[in-house]
>>> print(open('start.txt').read())   # compact mmCIF, C-alpha atoms
# COMPACT_ATOMS: atom_id res chain seq x y z
CA MET A 1 225.45 -114.28 -118.14
CA THR A 2 224.69 -114.13 -114.42
CA ARG A 3 226.59 -111.92 -111.95
CA THR A 4 228.31 -114.99 -110.43
CA GLN A 5 229.47 -116.18 -113.87
CA LEU A 6 230.77 -112.68 -114.68
CA VAL A 7 232.79 -112.55 -111.46
CA GLY A 8 234.04 -116.10 -112.15
CA LEU A 9 235.17 -115.12 -115.63
CA LEU A 10 236.86 -111.96 -114.32
CA SER A 11 238.67 -113.91 -111.60
CA ALA A 12 239.89 -116.48 -114.17
CA ILE A 13 241.20 -113.70 -116.45
CA PHE A 14 242.92 -111.93 -113.57
CA LEU A 15 244.44 -115.19 -112.33
CA PHE A 16 246.04 -115.78 -115.73
CA VAL A 17 247.26 -112.16 -115.87
CA ALA A 18 248.61 -112.54 -112.33
CA ILE A 19 250.52 -115.73 -113.20
CA TYR A 20 251.92 -114.05 -116.29
CA CYS A 21 253.04 -111.03 -114.21
CA VAL A 22 254.58 -113.21 -111.50
CA PHE A 23 256.61 -115.34 -113.91
CA SER A 24 257.38 -113.02 -116.80
CA PHE A 25 256.98 -109.42 -115.66
CA ALA A 26 258.23 -109.26 -112.05
CA GLU A 27 261.98 -109.13 -111.69
CA ILE A 28 263.87 -111.90 -109.91
CA GLU A 29 264.74 -111.23 -106.28
CA MET A 30 268.48 -111.69 -105.85
CA THR A 31 268.61 -113.43 -102.44
CA MET A 32 266.14 -116.27 -102.91
CA LEU A 33 265.98 -116.14 -106.72
CA GLU A 34 263.04 -118.11 -108.24
CA VAL A 35 261.73 -119.35 -104.87
CA GLN A 36 260.73 -115.80 -103.92
CA LYS A 37 257.93 -116.09 -106.50
CA ILE A 38 255.96 -118.08 -103.90
CA PHE A 39 255.57 -114.72 -102.12
CA TYR A 40 252.97 -113.35 -104.58
CA PHE A 41 250.30 -115.97 -103.96
CA HIS A 42 251.29 -116.73 -100.36
CA ILE A 43 250.92 -113.12 -99.19
CA SER A 44 247.88 -112.47 -101.40
CA SER A 45 246.18 -115.56 -99.94
CA ALA A 46 246.92 -114.28 -96.43
CA PHE A 47 245.40 -110.88 -97.27
CA THR A 48 242.34 -112.52 -98.83
CA LEU A 49 242.04 -114.64 -95.67
CA PHE A 50 241.94 -111.42 -93.61
CA LEU A 51 239.28 -110.06 -95.98
CA ALA A 52 237.20 -113.23 -95.62
CA PHE A 53 237.34 -113.09 -91.82
CA GLY A 54 236.59 -109.34 -92.03
CA VAL A 55 233.40 -110.15 -93.96
CA THR A 56 232.54 -112.75 -91.28
CA PHE A 57 233.08 -110.08 -88.60
CA ILE A 58 230.84 -107.47 -90.29
CA SER A 59 228.14 -110.01 -91.20
CA SER A 60 228.12 -111.37 -87.65
CA ILE A 61 227.62 -107.86 -86.23
CA LEU A 62 224.82 -107.22 -88.75
CA TYR A 63 223.19 -110.54 -87.86
CA LEU A 64 223.20 -109.72 -84.14
CA ILE A 65 221.66 -106.30 -84.87
CA LYS A 66 219.11 -107.24 -87.55
CA ARG A 67 218.63 -110.99 -86.91
CA THR A 68 218.37 -111.63 -90.67
CA ASP A 69 219.42 -115.12 -91.79
CA LYS A 70 221.14 -113.69 -94.88
CA TYR A 71 223.94 -112.19 -92.75
CA ASP A 72 224.42 -115.42 -90.85
CA THR A 73 224.76 -117.33 -94.14
CA ILE A 74 227.29 -114.80 -95.50
CA ALA A 75 229.32 -115.06 -92.27
CA TYR A 76 229.29 -118.85 -92.46
CA VAL A 77 230.28 -119.19 -96.12
CA SER A 78 232.93 -116.47 -95.79
CA THR A 79 234.50 -118.34 -92.86
CA GLU A 80 234.56 -121.56 -94.87
CA ILE A 81 236.27 -119.87 -97.83
CA GLY A 82 238.66 -118.06 -95.45
CA ILE A 83 239.69 -121.45 -94.08
CA VAL A 84 240.41 -122.67 -97.64
CA PHE A 85 242.65 -119.64 -98.19
CA GLY A 86 244.22 -120.48 -94.82
CA ILE A 87 245.10 -123.95 -96.11
CA VAL A 88 246.87 -122.29 -99.06
CA VAL A 89 248.79 -120.01 -96.67
CA PHE A 90 249.75 -122.88 -94.35
CA THR A 91 250.99 -125.13 -97.15
CA THR A 92 252.89 -122.61 -99.27
CA GLY A 93 254.40 -120.98 -96.17
CA PRO A 94 256.27 -124.09 -94.96
CA ILE A 95 257.56 -124.80 -98.51
CA TRP A 96 259.03 -121.31 -98.63
CA ALA A 97 260.25 -121.57 -95.02
CA ARG A 98 262.05 -124.84 -95.76
CA PHE A 99 264.09 -123.06 -98.41
CA ALA A 100 264.55 -119.70 -96.68
CA TRP A 101 264.93 -120.74 -93.01
CA ASN A 102 265.84 -124.40 -93.50
CA THR A 103 262.85 -125.51 -91.44
CA TRP A 104 259.22 -126.37 -92.27
CA TRP A 105 257.80 -124.67 -89.20
CA ASN A 106 258.96 -122.31 -86.49
CA TRP A 107 257.01 -121.23 -83.42
CA GLU A 108 257.70 -117.56 -84.10
CA PRO A 109 255.07 -114.83 -83.42
CA ARG A 110 253.55 -114.48 -86.94
CA LEU A 111 253.20 -118.22 -87.57
CA THR A 112 251.93 -119.02 -84.08
CA SER A 113 249.35 -116.20 -83.99
CA ALA A 114 248.18 -117.05 -87.55
CA LEU A 115 247.72 -120.71 -86.60
CA ILE A 116 245.72 -119.72 -83.50
CA MET A 117 243.51 -117.46 -85.65
CA TRP A 118 242.92 -120.25 -88.18
CA LEU A 119 242.06 -122.74 -85.42
CA ILE A 120 239.55 -120.28 -83.92
CA TYR A 121 237.70 -120.24 -87.25
CA ILE A 122 237.88 -124.04 -87.48
CA GLY A 123 236.24 -123.90 -84.06
CA TYR A 124 233.57 -121.65 -85.58
CA LEU A 125 232.64 -124.36 -88.09
CA ILE A 126 232.69 -127.08 -85.41
CA LEU A 127 230.46 -124.92 -83.20
CA ARG A 128 227.94 -124.50 -86.01
CA SER A 129 227.82 -128.20 -86.75
CA THR A 130 227.28 -129.24 -83.13
CA LEU A 131 224.78 -126.66 -81.81
CA ALA A 132 221.03 -126.71 -82.26
CA GLU A 133 219.52 -124.56 -85.04
CA ASP A 134 218.25 -121.80 -82.73
CA LYS A 135 221.49 -121.41 -80.80
CA LYS A 136 224.07 -121.86 -83.53
CA ARG A 137 223.44 -118.56 -85.32
CA VAL A 138 223.87 -116.35 -82.25
CA TYR A 139 226.81 -118.29 -80.77
CA SER A 140 228.69 -118.45 -84.05
CA ALA A 141 228.07 -114.72 -84.65
CA VAL A 142 229.66 -113.99 -81.28
CA LEU A 143 232.64 -116.21 -82.14
CA GLY A 144 232.85 -114.58 -85.58
CA ILE A 145 233.24 -111.20 -83.87
CA LEU A 146 235.66 -112.37 -81.17
CA GLY A 147 237.76 -114.33 -83.65
CA PHE A 148 238.39 -111.24 -85.75
CA LEU A 149 240.14 -109.56 -82.80
CA ASN A 150 243.02 -111.90 -83.63
CA VAL A 151 243.48 -110.51 -87.17
CA PRO A 152 245.28 -107.25 -86.18
CA ILE A 153 247.36 -109.28 -83.71
CA VAL A 154 248.51 -111.55 -86.56
CA TYR A 155 249.19 -108.60 -88.86
CA PHE A 156 251.23 -106.63 -86.31
CA SER A 157 252.76 -109.64 -84.55
CA VAL A 158 256.21 -108.93 -86.01
CA GLU A 159 256.18 -105.42 -84.53
CA LEU A 160 254.52 -106.54 -81.26
CA TRP A 161 256.96 -109.35 -80.50
CA GLN A 162 260.47 -108.73 -81.70
CA GLY A 163 262.73 -111.55 -82.81
CA GLY A 164 260.46 -113.25 -85.35
CA LEU A 165 261.63 -114.62 -88.68
CA HIS A 166 259.05 -112.79 -90.83
CA PRO A 167 259.93 -109.32 -92.16
CA ASP A 168 257.92 -106.36 -90.78
CA THR A 169 254.75 -104.99 -92.40
CA SER A 170 256.53 -102.17 -94.29
CA THR A 171 258.57 -104.61 -96.45
CA LYS A 172 255.79 -104.97 -99.02
CA MET A 173 255.82 -101.20 -99.63
CA ASN A 174 259.56 -101.18 -100.35
CA LEU A 175 259.42 -103.71 -103.20
CA PRO A 176 260.64 -102.76 -106.69
CA PRO A 177 257.77 -101.50 -108.93
CA THR A 178 257.52 -104.67 -111.05
CA MET A 179 257.26 -106.88 -107.97
CA GLN A 180 254.72 -104.55 -106.37
CA THR A 181 252.57 -104.57 -109.53
CA ALA A 182 252.68 -108.38 -109.74
CA TRP A 183 251.76 -108.64 -106.06
CA LEU A 184 248.84 -106.20 -106.35
CA ILE A 185 247.46 -108.01 -109.44
CA SER A 186 247.76 -111.37 -107.64
CA TRP A 187 245.92 -109.92 -104.67
CA LEU A 188 243.17 -108.53 -106.91
CA ALA A 189 242.87 -111.90 -108.69
CA LEU A 190 242.52 -113.80 -105.42
CA THR A 191 240.04 -111.24 -104.08
CA LEU A 192 237.90 -111.80 -107.20
CA LEU A 193 238.26 -115.55 -106.73
CA TYR A 194 237.10 -115.14 -103.12
CA LEU A 195 234.11 -113.10 -104.28
CA PHE A 196 233.23 -115.73 -106.89
CA LEU A 197 233.45 -118.58 -104.37
CA LEU A 198 231.41 -116.53 -101.86
CA MET A 199 228.61 -115.96 -104.41
CA LEU A 200 228.68 -119.61 -105.49
CA ARG A 201 228.63 -120.90 -101.92
CA TYR A 202 225.91 -118.42 -100.88
CA HIS A 203 223.77 -119.59 -103.79
CA GLY A 204 224.34 -123.18 -102.65
CA GLU A 205 223.13 -122.33 -99.14
CA GLN A 206 220.02 -120.64 -100.60
CA MET A 207 219.32 -123.82 -102.59
CA LYS A 208 219.68 -125.91 -99.42
CA LEU A 209 217.17 -123.65 -97.68
CA GLU A 210 214.73 -123.96 -100.57
CA LEU A 211 215.16 -127.74 -100.51
CA GLU A 212 214.42 -127.89 -96.79
CA THR A 213 211.29 -125.75 -97.25
CA LEU A 214 210.05 -127.97 -100.07
CA GLN A 215 210.74 -131.12 -98.03
CA HIS A 216 208.74 -129.68 -95.10
CA GLN A 217 205.97 -128.79 -97.53
CA GLN A 218 205.96 -132.32 -98.92
CA MET A 219 205.97 -133.88 -95.45
CA GLY A 220 203.09 -131.62 -94.42
CA GLU A 221 201.04 -132.85 -97.32
CA LEU A 222 201.60 -136.51 -96.44
CA MET B 1 229.08 -128.05 -123.89
CA HIS B 2 228.95 -130.32 -120.84
CA LYS B 3 230.20 -128.72 -117.59
CA GLY B 4 232.73 -131.49 -116.93
CA LEU B 5 234.19 -130.98 -120.39
CA TRP B 6 234.52 -127.25 -119.74
CA ILE B 7 236.39 -127.94 -116.51
CA THR B 8 238.69 -130.45 -118.28
CA VAL B 9 239.43 -127.96 -121.07
CA LEU B 10 240.11 -125.21 -118.51
CA ILE B 11 242.40 -127.43 -116.41
CA ALA B 12 244.31 -128.56 -119.53
CA PHE B 13 244.67 -124.96 -120.66
CA ALA B 14 245.83 -123.87 -117.20
CA LEU B 15 248.36 -126.72 -117.12
CA PHE B 16 249.86 -125.87 -120.51
CA PHE B 17 249.83 -122.17 -119.69
CA GLY B 18 251.62 -122.90 -116.42
CA LEU B 19 254.21 -125.09 -118.15
CA PHE B 20 254.75 -122.39 -120.77
CA LEU B 21 255.29 -119.77 -118.08
CA LEU B 22 257.67 -122.01 -116.18
CA SER B 23 259.73 -122.37 -119.34
CA GLN B 24 259.85 -118.57 -119.53
CA ILE B 25 261.64 -118.16 -116.17
CA PRO B 26 265.02 -116.65 -116.94
CA VAL B 27 268.07 -118.33 -115.47
CA ALA B 28 269.28 -116.01 -112.77
CA ILE B 29 272.67 -116.63 -111.20
CA THR B 30 274.28 -114.20 -108.80
CA GLN B 31 277.98 -113.66 -108.20
CA ASP B 32 277.61 -115.16 -104.71
CA GLU B 33 276.03 -118.31 -106.17
CA VAL B 34 278.92 -118.75 -108.61
CA SER B 35 281.56 -118.13 -105.91
CA THR B 36 279.91 -120.61 -103.53
CA ALA B 37 279.59 -123.23 -106.25
CA VAL B 38 283.24 -122.77 -107.33
CA SER B 39 284.61 -122.92 -103.78
CA ASP B 40 282.45 -126.00 -103.02
CA ALA B 41 283.71 -127.64 -106.20
CA ILE B 42 287.36 -126.84 -105.34
CA ALA B 43 286.92 -128.31 -101.87
CA GLU B 44 285.42 -131.52 -103.30
CA THR B 45 287.92 -132.00 -106.17
CA ASN B 46 290.76 -134.40 -105.35
CA ALA B 47 292.37 -134.62 -108.79
CA GLN B 48 296.18 -134.76 -108.72
CA VAL B 49 296.81 -133.57 -112.27
CA ASP B 50 298.02 -130.49 -114.05
CA GLU B 51 296.39 -127.09 -113.53
CA VAL B 52 294.50 -127.01 -116.83
CA GLU B 53 292.83 -130.30 -116.03
CA VAL B 54 292.08 -129.13 -112.49
CA GLU B 55 290.49 -125.96 -113.82
CA GLN B 56 288.38 -127.95 -116.26
CA LEU B 57 287.24 -130.35 -113.54
CA VAL B 58 286.43 -127.46 -111.24
CA ALA B 59 284.44 -125.72 -113.97
CA GLU B 60 282.46 -128.92 -114.70
CA LYS B 61 281.80 -129.51 -111.03
CA ALA B 62 280.77 -125.86 -110.54
CA ALA B 63 278.33 -126.08 -113.47
CA GLU B 64 276.85 -129.25 -111.97
CA LYS B 65 276.46 -127.53 -108.61
CA LEU B 66 274.77 -124.49 -110.17
CA GLU B 67 272.38 -126.73 -112.05
CA ALA B 68 271.59 -128.72 -108.91
CA ARG B 69 270.92 -125.54 -106.95
CA GLN B 70 268.58 -124.22 -109.59
CA LYS B 71 266.77 -127.55 -109.80
CA ARG B 72 266.27 -127.43 -106.03
CA ARG B 73 264.86 -123.89 -106.20
CA LEU B 74 262.48 -124.80 -109.03
CA LYS B 75 261.35 -127.88 -107.11
CA PHE B 76 260.20 -125.62 -104.24
CA LEU B 77 258.54 -123.16 -106.61
CA VAL B 78 256.67 -125.79 -108.63
CA SER B 79 255.54 -127.63 -105.47
CA ALA B 80 254.10 -124.43 -103.99
CA TYR B 81 252.21 -123.47 -107.14
CA PHE B 82 251.00 -127.02 -107.70
CA ILE B 83 249.56 -127.09 -104.18
CA ILE B 84 247.89 -123.68 -104.58
CA TRP B 85 246.02 -124.77 -107.72
CA LEU B 86 245.27 -128.20 -106.33
CA ILE B 87 243.56 -126.71 -103.26
CA PHE B 88 241.51 -124.20 -105.25
CA SER B 89 240.59 -126.77 -107.91
CA LEU B 90 239.49 -129.35 -105.34
CA TYR B 91 237.38 -126.80 -103.50
CA ALA B 92 235.81 -125.53 -106.75
CA LEU B 93 235.05 -129.11 -107.86
CA HIS B 94 233.56 -129.87 -104.43
CA LEU B 95 231.29 -126.80 -104.77
CA ALA B 96 230.29 -127.72 -108.32
CA LYS B 97 229.43 -131.28 -107.24
CA MET B 98 227.42 -130.04 -104.26
CA GLN B 99 225.50 -127.54 -106.43
CA ASN B 100 224.69 -130.22 -109.00
CA GLN B 101 223.35 -132.60 -106.35
CA LEU B 102 221.22 -129.84 -104.80
CA HIS B 103 219.93 -128.83 -108.20
CA LYS B 104 218.94 -132.43 -109.02
CA ARG B 105 217.16 -132.91 -105.68
CA LEU B 106 215.33 -129.61 -106.09
CA GLU B 107 214.13 -130.60 -109.55
CA GLN B 108 212.95 -133.99 -108.25
CA LEU B 109 211.00 -132.32 -105.43
CA HIS B 110 209.46 -129.76 -107.77
CA ASP B 111 208.40 -132.55 -110.14
CA GLY B 112 206.95 -134.56 -107.24
CA LEU B 113 204.95 -131.59 -105.99
CA GLN B 114 203.68 -130.74 -109.47
CA ARG B 115 202.52 -134.31 -110.05
CA LYS B 116 200.55 -134.22 -106.78
CA GLU B 117 198.87 -130.98 -107.78
>>> encode(input="start.txt", output="C-alpha cells")
Amino acid sequence: MTRTQLVGLLSAIFLFVAIYCVFSFAEIEMTMLEVQKIFYFHISSAFTLFLAFGVTFISSILYLIKRTDKYDTIAYVSTEIGIVFGIVVFTTGPIWARFAWNTWWNWEPRLTSALIMWLIYIGYLILRSTLAEDKKRVYSAVLGILGFLNVPIVYFSVELWQGGLHPDTSTKMNLPPTMQTAWLISWLALTLLYLFLLMLRYHGEQMKLELETLQHQQMGEL
Amino acid sequence: MHKGLWITVLIAFALFFGLFLLSQIPVAITQDEVSTAVSDAIAETNAQVDEVEVEQLVAEKAAEKLEARQKRRLKFLVSAYFIIWLIFSLYALHLAKMQNQLHKRLEQLHDGLQRKE
C-alpha cells in the first residue's frame, strides 16, 4: 500500500467516525435542534480551507527563496483544493443561514471577507492559466503570499467589525464536550481528506510533467 | 476489482450508512417548540364545538405543526450533507478520471519510445 492510499484509507475511516459522532454521539443543540449539525462540517471545511491557503502561503515563500518547482506545484494544488473546500463552505453556509437568519446571504463582515478571500484565490488560478510559463510561477507565488494576509482578517472579522451575525471566535471553545469532540474529529477527518487530495493532485501534476518531458523527447527524435 | 466498481461499492455503502445514521437522529422537541406549535394551532382553529373537541383538534393541529417543523429542519440538514458529499465525490471522481487519462497517455508514450529503440 502506498502512502497516498494509506492516507486515503485513514481519511475514509475518520470520515465515517466523524459522521457517526455528529449524528449519534454529539448532543442536540436546543436552539436550532438538528440543523445545528451542519456546523460540524461547515466549520471544519472553513478551517481546512485556512490550512490549504496556509500551505499555499508557505510553499510560495519557499518557492521564491529556493526557486524549486516542487514548491510551486504544492502551492498550486493546495490552492485548488482550498477552493473546493471553499465551495463546501459557501454552499452549506447559506443553507444554515436560511434556517438561522431567514436569509441565504448577508453582507456581514465574516461572509464578505471570506468571499473576498475566496475570490482572491480564484484570481490565483486565473493568473496561472493566463500568464506565460516563466512568469506564472513568480507572480502566482506573490499572490499566494498576499492572499494569505486575508486569512487572519476573515478569522477575526467578527471581533474587528462589530455587528455581524456570526458568533465570535471563542464560541467553539465553549461547546459541550460531546459537541467539541465531534467537531474535532470532523476537523481531523477533513484535514486527512485534504492531505489525501493534495498527495493525489501532486502526483497528477508530476505525471503531467513526465508526460511533457516524454513528448518533448519524442518530438526531438522526429 | 475494477476501480469503478470499488467507487460504486463505496458510494453505496456511504449512502446506506448515511441513511442509517439519519434514522438514528433522536426526535428532540423543546418546551418552546411545543408552546409555539400549540399557540399557533389555537390561533388557526375556528371550531365552534365543545371544549373536549376543541382540545382534541388543537392537539392534532399541534402535532401536525411539530411534524412539519421537524421535516423542515431535516430538509435543511439533509440538503447540506448531500451537497458536501456531492462536491467531494465529484472532485474525487474528476481527479481519478484525470489520473487515468494521464496514466494511459504515459503508457502509450513509453510504448512508442520503446518500439523506436
>>> residues_around(input="start.txt", residues="Gln56 in chain B", least_positions_apart="5", cutoff="12 Å", atoms="all atoms listed in the file", output="PyMOL selection string")
chain B and resi 38+41-42+45+47+49-51+61-63
>>> closest_residue(input="start.txt", among="A:Ile126, A:Leu111, A:Ile95, A:Leu51", to="chain B", atoms="all atoms listed in the file")
A:Ile95
>>> interface_residues(input="start.txt", of="chain A", to="chain B", cutoff="9 Å", atoms="all atoms listed in the file", output="ChimeraX atom specification")
/A:16,19-20,23-24,28,30-38,41-42,84-85,87-89,91-93,95-96,98-99,197,200-201,203-204,207-208,210-211,214-215,217-218
>>> atom_distance(input="start.txt", atom1="CA of Pro152 in chain A", atom2="CA of Phe57 in chain A")
12.8 Å
>>> residues_around(input="start.txt", residues="Glu159 in chain A", least_positions_apart="6", cutoff="10 Å", atoms="all atoms listed in the file", output="VMD selection string")
chain A and resid 109 to 110 153 167 to 169
>>> write_last_selection(input="start.txt", atoms="C-alpha atoms", output="compact mmCIF listing (two decimals), in the coordinates of the input")
# COMPACT_ATOMS: atom_id res chain seq x y z
CA PRO A 109 255.07 -114.83 -83.42
CA ARG A 110 253.55 -114.48 -86.94
CA ILE A 153 247.36 -109.28 -83.71
CA PRO A 167 259.93 -109.32 -92.16
CA ASP A 168 257.92 -106.36 -90.78
CA THR A 169 254.75 -104.99 -92.40
>>> closest_residue(input="start.txt", among="B:Ile11, B:Ala37, B:Ala43, B:Leu93", to="Glu64 in chain B", atoms="only C-alpha atoms")
B:Ala37
>>> residues_around(input="start.txt", residues="Leu143 in chain A", least_positions_apart="4", cutoff="7 Å", atoms="all atoms listed in the file", output="PDB file with C-alpha atoms, in the coordinates of the input")
ATOM      1  CA  TYR A 124     233.570-121.650 -85.580  1.00  0.00           C
ATOM      2  CA  TYR A 139     226.810-118.290 -80.770  1.00  0.00           C
ATOM      3  CA  GLY A 147     237.760-114.330 -83.650  1.00  0.00           C
TER       4      GLY A 147
END
>>> atom_distance(input="start.txt", atom1="CA of Arg128 in chain A", atom2="CA of Phe156 in chain A")
29.4 Å
>>> atom_distance(input="start.txt", atom1="CA of Arg3 in chain A", atom2="CA of Ala189 in chain A")
16.6 Å
>>> axis_aligned_box(input="start.txt", around="range 37-42 of chain A", padding_each_side="6 Å", output="JSON")
{"center_x": 254.1, "center_y": -115.7, "center_z": -103.4, "size_x": 19.6, "size_y": 16.7, "size_z": 18.1}
>>> closest_residue(input="start.txt", among="B:Ser89, B:Gln108, B:Leu66, B:Gln114", to="Thr36 in chain B", atoms="only C-alpha atoms")
B:Leu66
>>> residues_around(input="start.txt", residues="Leu62 in chain A", least_positions_apart="2", cutoff="12 Å", atoms="only C-alpha atoms", output="list of chain:residue names")
A:Val55, A:Thr56, A:Phe57, A:Ile58, A:Ser59, A:Ser60, A:Leu64, A:Ile65, A:Lys66, A:Arg67, A:Thr68, A:Asp69, A:Lys70, A:Tyr71, A:Asp72, A:Thr73, A:Ile74, A:Ala75, A:Arg137, A:Val138, A:Ala141, A:Val142, A:Gly144, A:Ile145
>>> decode(input="start.txt", residues="range 106-115 of chain B", atoms="all heavy atoms", output="PDB file, in the first residue's frame")
ATOM      1  N   LEU B 106       0.732   8.253 -20.728  1.00  0.00           N
ATOM      2  CA  LEU B 106       2.125   7.957 -20.372  1.00  0.00           C
ATOM      3  C   LEU B 106       2.528   6.573 -20.866  1.00  0.00           C
ATOM      4  O   LEU B 106       3.619   6.403 -21.431  1.00  0.00           O
ATOM      5  CB  LEU B 106       2.298   8.013 -18.853  1.00  0.00           C
ATOM      6  CG  LEU B 106       2.785   9.337 -18.273  1.00  0.00           C
ATOM      7  CD1 LEU B 106       2.797   9.284 -16.758  1.00  0.00           C
ATOM      8  CD2 LEU B 106       4.178   9.679 -18.788  1.00  0.00           C
ATOM      9  N   GLU B 107       1.642   5.614 -20.684  1.00  0.00           N
ATOM     10  CA  GLU B 107       1.926   4.245 -21.134  1.00  0.00           C
ATOM     11  C   GLU B 107       2.100   4.195 -22.645  1.00  0.00           C
ATOM     12  O   GLU B 107       3.017   3.552 -23.155  1.00  0.00           O
ATOM     13  CB  GLU B 107       0.792   3.316 -20.706  1.00  0.00           C
ATOM     14  CG  GLU B 107       1.019   2.738 -19.331  1.00  0.00           C
ATOM     15  CD  GLU B 107      -0.055   1.750 -18.919  1.00  0.00           C
ATOM     16  OE1 GLU B 107      -1.017   1.561 -19.680  1.00  0.00           O
ATOM     17  OE2 GLU B 107       0.070   1.207 -17.817  1.00  0.00           O
ATOM     18  N   GLN B 108       1.194   4.933 -23.360  1.00  0.00           N
ATOM     19  CA  GLN B 108       1.282   4.967 -24.827  1.00  0.00           C
ATOM     20  C   GLN B 108       2.623   5.539 -25.275  1.00  0.00           C
ATOM     21  O   GLN B 108       3.281   5.010 -26.160  1.00  0.00           O
ATOM     22  CB  GLN B 108       0.157   5.830 -25.396  1.00  0.00           C
ATOM     23  CG  GLN B 108      -1.187   5.105 -25.460  1.00  0.00           C
ATOM     24  CD  GLN B 108      -2.325   6.040 -25.817  1.00  0.00           C
ATOM     25  OE1 GLN B 108      -2.138   7.264 -25.848  1.00  0.00           O
ATOM     26  NE2 GLN B 108      -3.492   5.485 -26.044  1.00  0.00           N
ATOM     27  N   LEU B 109       3.040   6.649 -24.616  1.00  0.00           N
ATOM     28  CA  LEU B 109       4.303   7.286 -24.984  1.00  0.00           C
ATOM     29  C   LEU B 109       5.495   6.381 -24.697  1.00  0.00           C
ATOM     30  O   LEU B 109       6.413   6.271 -25.502  1.00  0.00           O
ATOM     31  CB  LEU B 109       4.458   8.598 -24.219  1.00  0.00           C
ATOM     32  CG  LEU B 109       3.854   9.835 -24.885  1.00  0.00           C
ATOM     33  CD1 LEU B 109       3.923  11.019 -23.957  1.00  0.00           C
ATOM     34  CD2 LEU B 109       4.625  10.167 -26.165  1.00  0.00           C
ATOM     35  N   HIS B 110       5.462   5.724 -23.536  1.00  0.00           N
ATOM     36  CA  HIS B 110       6.534   4.797 -23.178  1.00  0.00           C
ATOM     37  C   HIS B 110       6.637   3.678 -24.208  1.00  0.00           C
ATOM     38  O   HIS B 110       7.734   3.335 -24.661  1.00  0.00           O
ATOM     39  CB  HIS B 110       6.284   4.203 -21.787  1.00  0.00           C
ATOM     40  CG  HIS B 110       6.781   5.071 -20.673  1.00  0.00           C
ATOM     41  ND1 HIS B 110       8.106   5.398 -20.538  1.00  0.00           N
ATOM     42  CD2 HIS B 110       6.136   5.694 -19.654  1.00  0.00           C
ATOM     43  CE1 HIS B 110       8.263   6.177 -19.485  1.00  0.00           C
ATOM     44  NE2 HIS B 110       7.071   6.388 -18.917  1.00  0.00           N
ATOM     45  N   ASP B 111       5.475   3.125 -24.591  1.00  0.00           N
ATOM     46  CA  ASP B 111       5.438   2.049 -25.588  1.00  0.00           C
ATOM     47  C   ASP B 111       6.020   2.523 -26.921  1.00  0.00           C
ATOM     48  O   ASP B 111       6.823   1.824 -27.541  1.00  0.00           O
ATOM     49  CB  ASP B 111       3.998   1.567 -25.811  1.00  0.00           C
ATOM     50  CG  ASP B 111       3.513   0.723 -24.650  1.00  0.00           C
ATOM     51  OD1 ASP B 111       4.369   0.351 -23.825  1.00  0.00           O
ATOM     52  OD2 ASP B 111       2.302   0.466 -24.567  1.00  0.00           O
ATOM     53  N   GLY B 112       5.591   3.739 -27.326  1.00  0.00           N
ATOM     54  CA  GLY B 112       6.059   4.332 -28.576  1.00  0.00           C
ATOM     55  C   GLY B 112       7.568   4.494 -28.582  1.00  0.00           C
ATOM     56  O   GLY B 112       8.259   4.178 -29.564  1.00  0.00           O
ATOM     57  N   LEU B 113       8.100   5.005 -27.466  1.00  0.00           N
ATOM     58  CA  LEU B 113       9.547   5.219 -27.368  1.00  0.00           C
ATOM     59  C   LEU B 113      10.314   3.901 -27.366  1.00  0.00           C
ATOM     60  O   LEU B 113      11.380   3.791 -27.969  1.00  0.00           O
ATOM     61  CB  LEU B 113       9.880   6.021 -26.091  1.00  0.00           C
ATOM     62  CG  LEU B 113       9.582   7.527 -26.160  1.00  0.00           C
ATOM     63  CD1 LEU B 113       9.716   8.164 -24.795  1.00  0.00           C
ATOM     64  CD2 LEU B 113      10.527   8.217 -27.142  1.00  0.00           C
ATOM     65  N   GLN B 114       9.753   2.901 -26.687  1.00  0.00           N
ATOM     66  CA  GLN B 114      10.411   1.582 -26.630  1.00  0.00           C
ATOM     67  C   GLN B 114      10.471   0.927 -28.007  1.00  0.00           C
ATOM     68  O   GLN B 114      11.487   0.338 -28.382  1.00  0.00           O
ATOM     69  CB  GLN B 114       9.659   0.669 -25.655  1.00  0.00           C
ATOM     70  CG  GLN B 114      10.206   0.780 -24.238  1.00  0.00           C
ATOM     71  CD  GLN B 114       9.413  -0.057 -23.262  1.00  0.00           C
ATOM     72  OE1 GLN B 114       8.343  -0.571 -23.579  1.00  0.00           O
ATOM     73  NE2 GLN B 114       9.914  -0.160 -22.061  1.00  0.00           N
ATOM     74  N   ARG B 115       9.364   1.085 -28.760  1.00  0.00           N
ATOM     75  CA  ARG B 115       9.307   0.492 -30.092  1.00  0.00           C
ATOM     76  C   ARG B 115      10.379   1.111 -31.008  1.00  0.00           C
ATOM     77  O   ARG B 115      11.011   0.461 -31.805  1.00  0.00           O
ATOM     78  CB  ARG B 115       7.913   0.684 -30.687  1.00  0.00           C
ATOM     79  CG  ARG B 115       7.118  -0.638 -30.695  1.00  0.00           C
ATOM     80  CD  ARG B 115       5.790  -0.494 -31.349  1.00  0.00           C
ATOM     81  NE  ARG B 115       4.745  -0.389 -30.351  1.00  0.00           N
ATOM     82  CZ  ARG B 115       3.790   0.505 -30.343  1.00  0.00           C
ATOM     83  NH1 ARG B 115       3.759   1.438 -31.274  1.00  0.00           N
ATOM     84  NH2 ARG B 115       2.869   0.504 -29.413  1.00  0.00           N
TER      85      ARG B 115
END
